[in-house]
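Structure, as structure tokens:
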Amino acid sequence: MRLSRFPLPTLKEDPSDAVVASHKLMIRAGLIRKESAGMYVYLPMGFRVLHKIIAIIREEMNRAGAVEFLMPELTNAELWKESGRWNTMGPEMIRIKDRNGLEYALAPTHEEAFTAIARNIISSYRDLPLNAYQINTKFRDEIRPRFGVIRSKEFIMKDAYSFDLDEEGLEKSYQSMRVAYRNIFKRMGLETIPVEADTGAMGGSQSEEFMVPSAIGEEVLLLCDQCGYRANQEKADFKRTYPPQEPIAELKEVDTPNIKTIEELVSFFNCSASKFLKSIIYIADGVPVMAVISGDREINEHKLKKAIGATSIELAPNSIVEEVTNAPVGFAGPINNFGIRTIFDMSVRHISNGITGANKKDVHYIGVNPGRDFTISEEADIALAVEGDGCPKCETPMKATRGIEVGHIFKLGYKYSKSMNLTVLDKNGKTVHPIMGCYGIGVNRTMATIIEQHHDERGIIWPIPVAPFHVWVIGLGRSTEEICKADEIYEMIKSANIEVIYDDRHLSPGFKFGDADMVGCPIRVTIGKTYFKDGSIEIRMRKGGDIMMCTNEELIEKLNKIIATEFAQYNV
Ligand code: ATP
Ligand code: MG
């Protein structure tokens, strides 16, 4: 490939709307261009990387025994109605109608579609296990598309769905995907941390996310260096410690004019935040509920949502808080709380002589004791784990770090096979529902996170398995004779079946070197002054900057050797 025939619109300046390194570099290196908010065009250089990533994913999925499908991206509303998700998917799912008024979703995910096709093509235990995958576009009307292709409205996902006869089979399928994912990311030079993840309120028993540690990550991870416990904060457990029980005091009302927040209360009562029964009103699937937790902790809304069994929860607006507690915001509590459904965190039971809002303006209770003053009607772990909390397994204080989720594996269970009535006949001729798992990788997001992990101030530094080209030849000759000599070297490399791009443009050396560094192919070959003078060719490694000189007789062998050594680092 000659760069004179290859559109590579590199930029000197960062685009104004880009805040993270990968987004800036993908635009500046001429890999992508923005089409509109959350939608991107892949230019030829970027598309080559995407293809390499896809090829690695495909190889490892096939190696794990999964089989490739291609599903329509317009999915019939009927399928979503069968599973019950037509009503629960919310505004992220883009819905459209055809000319006859039939409704469709632009698929944000394909559980329904794969369950439906499985219903059509499998009928017996002999057809199982089946692990069906595709590499295809997904559409999600994200509230805040951002960070370039890390969170976009349209993106490519590898999604796989496993069907097994029983839990043991599912465990095998799940473990084989775990291994495949490790291999996939290792082969791309991506360091990932698998963490325990939330399975959501919709069922599912086990789930892991593959996280790339990064300061720009939207996920918070809690890690134990001692025993290796790793969890998304949404899911993380922690070792509880409770204050000692005090002799029970009398329940009393105290005037607290305009004292509302935990900080204000702490200074007003001059006691620790853990004395307070923090009571927060949420709207869960349209109905107000109260969540109560020790004042020194925050509520984990994912855990709360699951404990309630709701599909959506949000903080109640002030008007609703006033309506259900009969008081302004800041005075809610579990005593005489008008029968509103209340979920208590496990911390509440251990508070003695606590303080809480009295559901009256400017009044709090002191001497509050669970059991005597209110009943713990529903108890659950709804607390957010934070850095420094003890590991749930070994009690060592955990560390928090940020991560980008690139992949997700999930034991779904029977949700879709039951709701959509997917059945097979087992060995005894009995009709049974297969048990399912699902496994996703965000292809574009993966590409961006590789750049997040592999770049410097001059540009991208591609790990060779995903580099757009292995070798980047720069010709610096000006005379016809010099240009001919560089052309010959390029032709020689090309005929040796090495993936090569040749910068034959009429541009200054500085510009050509800048582009080579910006795009970041692993090996740069320069045909310049030294070659025209004494026949020595410069080979320079993008990573580390090592320089080697060789003759044109040695070149191919040398390049093949370097390429093999580079690839060997990413072997699985
Ligand atoms: P997130 O929490 O980041 O929104 P998700 O839990 O919605 O992700 P899944 O439904 O598990 O994601 O999708 C599988 C993979 O698809 C994710 O691990 C991620 O790599 C990718 N992905 C999800 N949403 C987007 C998006 N808007 N843009 C690009 N990639 C995405
Ligand atoms: Mg999402």
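Just so we're on the same page: first chain in the structure tokens is A, next is B, and so on; residues restart at 1 for each chain, and ligands are numbered from 1 in the order they show up.
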Practice item. Just the strand (DSSP E or B) stuff from stretch 219-270 of chain A, please, per backbone DSSP, written as a ChimeraX atom specification. Key: /A:219-223,230-232,239,252-255
Keeping only all heavy atoms, write the selected residues to a file as a compact mmCIF listing (two decimals), in the first residue's frame.
# COMPACT_ATOMS: atom_id res chain seq x y z
N GLU A 219 -16.06 2.85 35.58
CA GLU A 219 -16.40 1.89 36.63
C GLU A 219 -15.39 2.02 37.77
O GLU A 219 -14.21 2.29 37.53
CB GLU A 219 -16.32 0.47 36.09
CG GLU A 219 -17.05 0.24 34.78
CD GLU A 219 -18.56 0.25 34.92
OE1 GLU A 219 -19.05 -0.07 36.02
OE2 GLU A 219 -19.24 0.57 33.93
N VAL A 220 -15.87 1.81 38.98
CA VAL A 220 -14.95 1.77 40.13
C VAL A 220 -14.81 0.30 40.54
O VAL A 220 -15.80 -0.42 40.62
CB VAL A 220 -15.50 2.61 41.30
CG1 VAL A 220 -14.61 2.48 42.53
CG2 VAL A 220 -15.64 4.07 40.89
N LEU A 221 -13.56 -0.12 40.73
CA LEU A 221 -13.30 -1.51 41.07
C LEU A 221 -12.72 -1.56 42.47
O LEU A 221 -11.93 -0.70 42.85
CB LEU A 221 -12.27 -2.12 40.11
CG LEU A 221 -12.38 -1.72 38.65
CD1 LEU A 221 -11.25 -2.36 37.86
CD2 LEU A 221 -13.73 -2.18 38.10
N LEU A 222 -13.09 -2.58 43.23
CA LEU A 222 -12.49 -2.78 44.54
C LEU A 222 -11.65 -4.05 44.48
O LEU A 222 -12.13 -5.10 44.04
CB LEU A 222 -13.57 -2.86 45.61
CG LEU A 222 -14.16 -1.47 45.85
CD1 LEU A 222 -15.51 -1.54 46.52
CD2 LEU A 222 -13.21 -0.60 46.65
N LEU A 223 -10.39 -3.89 44.87
CA LEU A 223 -9.44 -4.99 44.70
C LEU A 223 -8.79 -5.30 46.03
O LEU A 223 -8.42 -4.40 46.79
CB LEU A 223 -8.33 -4.59 43.71
CG LEU A 223 -8.77 -3.89 42.42
CD1 LEU A 223 -7.54 -3.42 41.64
CD2 LEU A 223 -9.60 -4.83 41.56
N ARG A 230 -11.82 -9.39 43.60
CA ARG A 230 -11.95 -8.25 42.70
C ARG A 230 -13.41 -8.09 42.33
O ARG A 230 -14.02 -9.04 41.85
CB ARG A 230 -11.17 -8.50 41.41
CG ARG A 230 -9.70 -8.63 41.66
CD ARG A 230 -8.92 -9.19 40.51
NE ARG A 230 -7.52 -9.33 40.85
CZ ARG A 230 -6.74 -8.38 41.32
NH1 ARG A 230 -7.21 -7.19 41.50
NH2 ARG A 230 -5.49 -8.60 41.61
N ALA A 231 -13.94 -6.91 42.54
CA ALA A 231 -15.36 -6.73 42.22
C ALA A 231 -15.62 -5.31 41.75
O ALA A 231 -14.94 -4.36 42.14
CB ALA A 231 -16.22 -7.04 43.44
N ASN A 232 -16.62 -5.21 40.87
CA ASN A 232 -17.14 -3.90 40.50
C ASN A 232 -17.80 -3.33 41.76
O ASN A 232 -18.46 -4.05 42.50
CB ASN A 232 -18.18 -4.08 39.39
CG ASN A 232 -18.60 -2.77 38.78
OD1 ASN A 232 -18.79 -1.77 39.48
ND2 ASN A 232 -18.74 -2.76 37.47
N LYS A 239 -16.34 -6.57 54.45
CA LYS A 239 -16.45 -7.11 55.80
C LYS A 239 -17.06 -6.03 56.69
O LYS A 239 -16.54 -4.92 56.79
CB LYS A 239 -15.04 -7.47 56.28
CG LYS A 239 -14.97 -7.89 57.71
CD LYS A 239 -15.58 -9.26 57.92
CE LYS A 239 -15.67 -9.58 59.40
NZ LYS A 239 -16.61 -10.64 59.70
N LYS A 252 -36.68 10.09 72.30
CA LYS A 252 -37.12 11.47 72.54
C LYS A 252 -37.14 12.26 71.25
O LYS A 252 -36.31 12.02 70.37
CB LYS A 252 -36.12 12.18 73.47
CG LYS A 252 -36.32 11.92 74.92
CD LYS A 252 -35.47 12.94 75.70
CE LYS A 252 -35.14 12.39 77.06
NZ LYS A 252 -33.82 12.82 77.53
N GLU A 253 -38.04 13.25 71.19
CA GLU A 253 -38.03 14.17 70.05
C GLU A 253 -37.13 15.36 70.40
O GLU A 253 -37.13 15.81 71.54
CB GLU A 253 -39.44 14.69 69.77
CG GLU A 253 -40.30 13.67 69.05
CD GLU A 253 -41.62 14.27 68.56
OE1 GLU A 253 -41.82 15.50 68.71
OE2 GLU A 253 -42.44 13.50 68.03
N VAL A 254 -36.37 15.83 69.41
CA VAL A 254 -35.50 16.99 69.65
C VAL A 254 -35.74 17.98 68.51
O VAL A 254 -35.85 17.57 67.35
CB VAL A 254 -34.01 16.56 69.63
CG1 VAL A 254 -33.10 17.77 69.76
CG2 VAL A 254 -33.73 15.56 70.73
N ASP A 255 -35.84 19.24 68.82
CA ASP A 255 -36.00 20.25 67.77
C ASP A 255 -34.68 20.45 67.04
O ASP A 255 -33.64 20.67 67.67
CB ASP A 255 -36.44 21.59 68.37
CG ASP A 255 -37.90 21.53 68.78
OD1 ASP A 255 -38.61 20.63 68.27
OD2 ASP A 255 -38.32 22.35 69.62
Practice item. Among the residues of stretch 231-356 of chain A, find those DSSP assigns to alpha helix (DSSP H) from the backbone and print them as a PyMOL selection string. Key: chain A and resi 262-269+301-308+318-325
**Study point:** Test item: residues no farther than 8 Å from ligand 1, counting only C-alpha atoms and all ligand atoms, as a PyMOL selection string
**Key:** chain A and resi 108-109+139-142+145+149-159+209-210+218-219+404-409+439-446
Let's have the selection written as an mmCIF file, in the first residue's frame, with C-alpha atoms.
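Everything below was put into part-v5.cif:
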data_model
loop_
_atom_site.group_PDB
_atom_site.id
_atom_site.type_symbol
_atom_site.label_atom_id
_atom_site.label_comp_id
_atom_site.auth_asym_id
_atom_site.auth_seq_id
_atom_site.Cartn_x
_atom_site.Cartn_y
_atom_site.Cartn_z
ATOM 1 C CA PRO A 108 -29.191 -2.993 21.549
ATOM 2 C CA THR A 109 -28.436 -6.676 22.336
ATOM 3 C CA PHE A 139 -27.558 0.528 18.730
ATOM 4 C CA ARG A 140 -28.001 2.208 22.085
ATOM 5 C CA ASP A 141 -29.383 5.676 22.510
ATOM 6 C CA GLU A 142 -26.965 6.450 25.344
ATOM 7 C CA PRO A 145 -22.287 9.338 24.357
ATOM 8 C CA VAL A 149 -15.919 5.203 20.433
ATOM 9 C CA ILE A 150 -15.747 4.195 24.115
ATOM 10 C CA ARG A 151 -19.392 5.111 24.544
ATOM 11 C CA SER A 152 -21.135 5.615 21.265
ATOM 12 C CA LYS A 153 -24.671 5.218 19.968
ATOM 13 C CA GLU A 154 -23.734 2.663 17.369
ATOM 14 C CA PHE A 155 -20.956 0.158 17.962
ATOM 15 C CA ILE A 156 -19.772 -3.300 17.030
ATOM 16 C CA MET A 157 -20.144 -6.038 19.589
ATOM 17 C CA LYS A 158 -19.124 -9.637 19.624
ATOM 18 C CA ASP A 159 -22.021 -11.237 21.405
ATOM 19 C CA GLU A 209 -16.596 -7.992 33.663
ATOM 20 C CA PHE A 210 -13.220 -7.628 32.010
ATOM 21 C CA GLU A 218 -16.377 4.911 34.323
ATOM 22 C CA GLU A 219 -16.400 1.892 36.627
ATOM 23 C CA ILE A 404 -13.096 0.577 31.469
ATOM 24 C CA GLU A 405 -15.340 -2.416 30.818
ATOM 25 C CA VAL A 406 -14.344 -4.118 27.569
ATOM 26 C CA GLY A 407 -16.109 -7.429 28.008
ATOM 27 C CA HIS A 408 -18.775 -9.086 30.067
ATOM 28 C CA ILE A 409 -19.640 -12.733 30.686
ATOM 29 C CA TYR A 439 -20.883 -13.103 26.566
ATOM 30 C CA GLY A 440 -20.104 -9.680 25.053
ATOM 31 C CA ILE A 441 -17.057 -7.756 23.908
ATOM 32 C CA GLY A 442 -17.219 -4.150 22.715
ATOM 33 C CA VAL A 443 -15.002 -4.172 19.636
ATOM 34 C CA ASN A 444 -14.632 -0.415 19.153
ATOM 35 C CA ARG A 445 -14.250 0.232 22.855
ATOM 36 C CA THR A 446 -11.535 -2.419 22.914
#
Practice item. Find the residues near A:Asp504: any atom within 8 Å, counting only C-alpha atoms, skip ones fewer than 5 places away on the same chain, and give them as JSON, numbers by chain. Key: {"A": [2, 3, 4, 474, 475]}
Exercise for review: Determine, counting only C-alpha atoms, which protein, DNA and RNA residues have an atom within 12 Å of an atom of A:Asp345; residues of the same chain fewer than 3 positions away are not included. Present the result as JSON, numbers by chain.
Suggested key: {"A": [240, 277, 278, 279, 280, 290, 291, 292, 293, 294, 295, 297, 298, 299, 300, 301, 303, 304, 307, 342, 348, 349, 350, 351, 370, 376, 377, 378, 379, 380, 381, 382, 383, 384]}
Review point. A:Lys512: which residues within 9 Å, counting only C-alpha atoms, same-chain residues fewer than 3 positions away excluded, as a VMD selection string?
Key: chain A and resid 474 to 476 503 505 507 to 509 515 to 517
Generate a file of the selected residues that holds all heavy atoms, formatted as a short mmCIF file (atom, residue, chain, number, x, y, z; two decimals), in the first residue's frame.
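What landed in selection-v4.cif:
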data_model
loop_
_atom_site.label_atom_id
_atom_site.label_comp_id
_atom_site.auth_asym_id
_atom_site.auth_seq_id
_atom_site.Cartn_x
_atom_site.Cartn_y
_atom_site.Cartn_z
N ILE A 474 9.51 4.68 4.96
CA ILE A 474 9.57 6.09 4.59
C ILE A 474 10.66 6.27 3.54
O ILE A 474 11.81 5.87 3.76
CB ILE A 474 9.88 6.97 5.82
CG1 ILE A 474 8.71 6.90 6.80
CG2 ILE A 474 10.18 8.41 5.42
CD1 ILE A 474 8.86 7.78 8.03
N GLY A 475 10.29 6.83 2.43
CA GLY A 475 11.27 7.16 1.40
C GLY A 475 11.57 8.66 1.48
O GLY A 475 10.65 9.47 1.50
N LEU A 476 12.87 8.99 1.60
CA LEU A 476 13.21 10.42 1.73
C LEU A 476 13.92 10.96 0.49
O LEU A 476 14.41 12.09 0.50
CB LEU A 476 14.10 10.63 2.97
CG LEU A 476 13.45 10.34 4.33
CD1 LEU A 476 14.45 10.60 5.45
CD2 LEU A 476 12.21 11.19 4.54
N ASP A 503 5.36 5.32 2.72
CA ASP A 503 5.11 6.76 2.63
C ASP A 503 5.90 7.32 1.45
O ASP A 503 7.06 7.70 1.57
CB ASP A 503 5.47 7.47 3.94
CG ASP A 503 4.93 8.90 3.95
OD1 ASP A 503 4.49 9.38 2.86
OD2 ASP A 503 4.93 9.54 5.01
N ARG A 505 4.78 9.92 -0.26
CA ARG A 505 4.21 11.25 -0.54
C ARG A 505 5.33 12.29 -0.67
O ARG A 505 6.42 12.13 -0.12
CB ARG A 505 3.26 11.64 0.60
CG ARG A 505 2.07 10.71 0.73
CD ARG A 505 1.25 11.01 1.96
NE ARG A 505 2.00 10.88 3.21
CZ ARG A 505 1.51 11.12 4.41
NH1 ARG A 505 0.25 11.53 4.54
NH2 ARG A 505 2.24 10.98 5.49
N LEU A 507 6.35 14.97 0.78
CA LEU A 507 6.24 15.78 1.99
C LEU A 507 7.59 15.84 2.67
O LEU A 507 8.48 15.03 2.39
CB LEU A 507 5.22 15.14 2.96
CG LEU A 507 3.76 15.09 2.47
CD1 LEU A 507 2.93 14.21 3.37
CD2 LEU A 507 3.17 16.50 2.40
N SER A 508 7.71 16.76 3.62
CA SER A 508 9.00 16.93 4.30
C SER A 508 9.27 15.73 5.20
O SER A 508 8.34 15.08 5.68
CB SER A 508 8.97 18.19 5.16
OG SER A 508 8.15 17.94 6.27
N PRO A 509 10.56 15.42 5.46
CA PRO A 509 10.90 14.31 6.36
C PRO A 509 10.23 14.47 7.72
O PRO A 509 9.69 13.51 8.26
CB PRO A 509 12.42 14.40 6.50
CG PRO A 509 12.89 15.12 5.28
CD PRO A 509 11.78 16.06 4.90
N ASP A 515 3.96 11.58 11.11
CA ASP A 515 2.83 10.70 10.81
C ASP A 515 3.12 9.26 11.22
O ASP A 515 2.26 8.56 11.74
CB ASP A 515 2.49 10.75 9.31
CG ASP A 515 1.52 11.89 8.99
OD1 ASP A 515 1.20 12.67 9.92
OD2 ASP A 515 1.09 12.00 7.82
N ALA A 516 4.37 8.82 10.96
CA ALA A 516 4.73 7.44 11.30
C ALA A 516 4.60 7.23 12.81
O ALA A 516 4.05 6.23 13.27
CB ALA A 516 6.15 7.13 10.85
N ASP A 517 5.06 8.20 13.59
CA ASP A 517 4.95 8.09 15.04
C ASP A 517 3.51 8.18 15.50
O ASP A 517 3.08 7.48 16.42
CB ASP A 517 5.77 9.19 15.72
CG ASP A 517 7.25 8.83 15.78
OD1 ASP A 517 7.58 7.65 15.53
OD2 ASP A 517 8.07 9.73 16.07
#
Check your understanding: Using only C-alpha atoms, which of the listed residues (A:Ile143, A:Met548, A:Tyr125, A:Arg372) sits closest to A:Thr431?
Key -> A:Tyr125
**Study point:** Close residues, stretch 174-180 of chain A itself excluded, 12 Å, only C-alpha atoms, min 3 positions apart in chain, as a PyMOL selection string
**Key:** chain A and resi 56-66+129-133+159-164+167-171+183-187+192-195+205-210+407-413+435-441+572
Practice item. Tell me which protein, DNA and RNA residues are within 10 Å of A:Ile340, counting only C-alpha atoms, leaving out same-chain ones fewer than 4 positions away, and put them as a PyMOL selection string. Key: chain A and resi 281+287-290+324-325+334+336
